[in-house]
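The block underneath contains the structure these notes are about, expressed in structure tokens.
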Amino acid sequence: MMSFLRTTLLFWRTYLPRICFARRTLLVALGCALVPLMALLLLKFVPHGPSPIEAFLYPSFLIVLSVLVPLAAVISGSAVIYEEVADRTITYLLTRPISRASILVGRWLASATVLAVLLAGSVGALKVVVESQAPGWKKAAPRVVETTNRRGEKRTRTIDREIPAEFLQAMPEGELPDGRFGAMLAATLAGAAVYSALFAALGTFNRHPMIVGLVYACAIEGFLAN
């Protein structure tokens, strides 16, 4: 058991710097950065946009949990073993007196560590953006829209987006309700760990884990789950 732990830790330490500067990591980091940026744009520049609590809940549920976590796990997890196969270094590893499980677990832990840091940073940045914009946020004034019918007559109508009272009162002090951020962060990290492990295991017996993972993330998770 101690030998397994030492070997796993060795693979984790060796693979961690390598994955930090990989192209797929930069792609995941870009996706994580887009979430808080989108919330900032909605709160700051869209006059009839969402309330602050909506700007946290909807991106975190519909984008982070339903889209970003599965896709990021596919990109990171599917390359855990497949990268060694593509580089033709897997033969050298398998001919060494090393436990195959330690190879998989060590490399997966490194991938999951980077993935967890990026996703936690995305959710944390989303929280900072929402709370920083909440004190100055006000319900948008009604919007007047002018339309013309078939006879050429111009009519005006007022559009007032109704925001539920519980949304308006959810952040009276400019802070998220107690436990909301912690629950979202825990769900995000748990999803990243489970999905990355799933796709890492898938890459051990499938030549095209990325394709299978994308089909699962987009079709099954993105469509059937919703």
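Going through the structure tokens in order, the chains are called A, B, and so on, while each chain numbers its residues from 1 and the ligands are numbered from 1 in the order shown.
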Who sits within 7 Å of Leu9 in chain A, only C-alpha atoms, same chain under 4 positions skipped, as a count of residues only: 3
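Once Pro177 in chain A and its same-chain neighbours fewer than 6 positions away are set aside, Ile53, Ala170 and Met171 of chain A remain within 9 Å of it when counting only C-alpha atoms.
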Nearby residues (only C-alpha atoms) at most 7 Å from Ser78 in chain A, same-chain spacing under 4 positions excluded, as a list in words: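 Counting only C-alpha atoms, the residues come to Val74, Tyr82, Phe199, Ala200, Gly203, Pro209 and Met210 of chain A.
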Of the listed residues A:Val123, A:Ala183, A:Val105, A:Val130, that which approaches Pro50 in chain A most closely, counting only C-alpha atoms: A:Val130
Contacts of Ile75 in chain A within 9 Å, only C-alpha atoms, excl. fewer than 6 positions in-chain, as a VMD selection string: chain A and resid 24 to 25 27 to 28 196 199 210 213 to 214
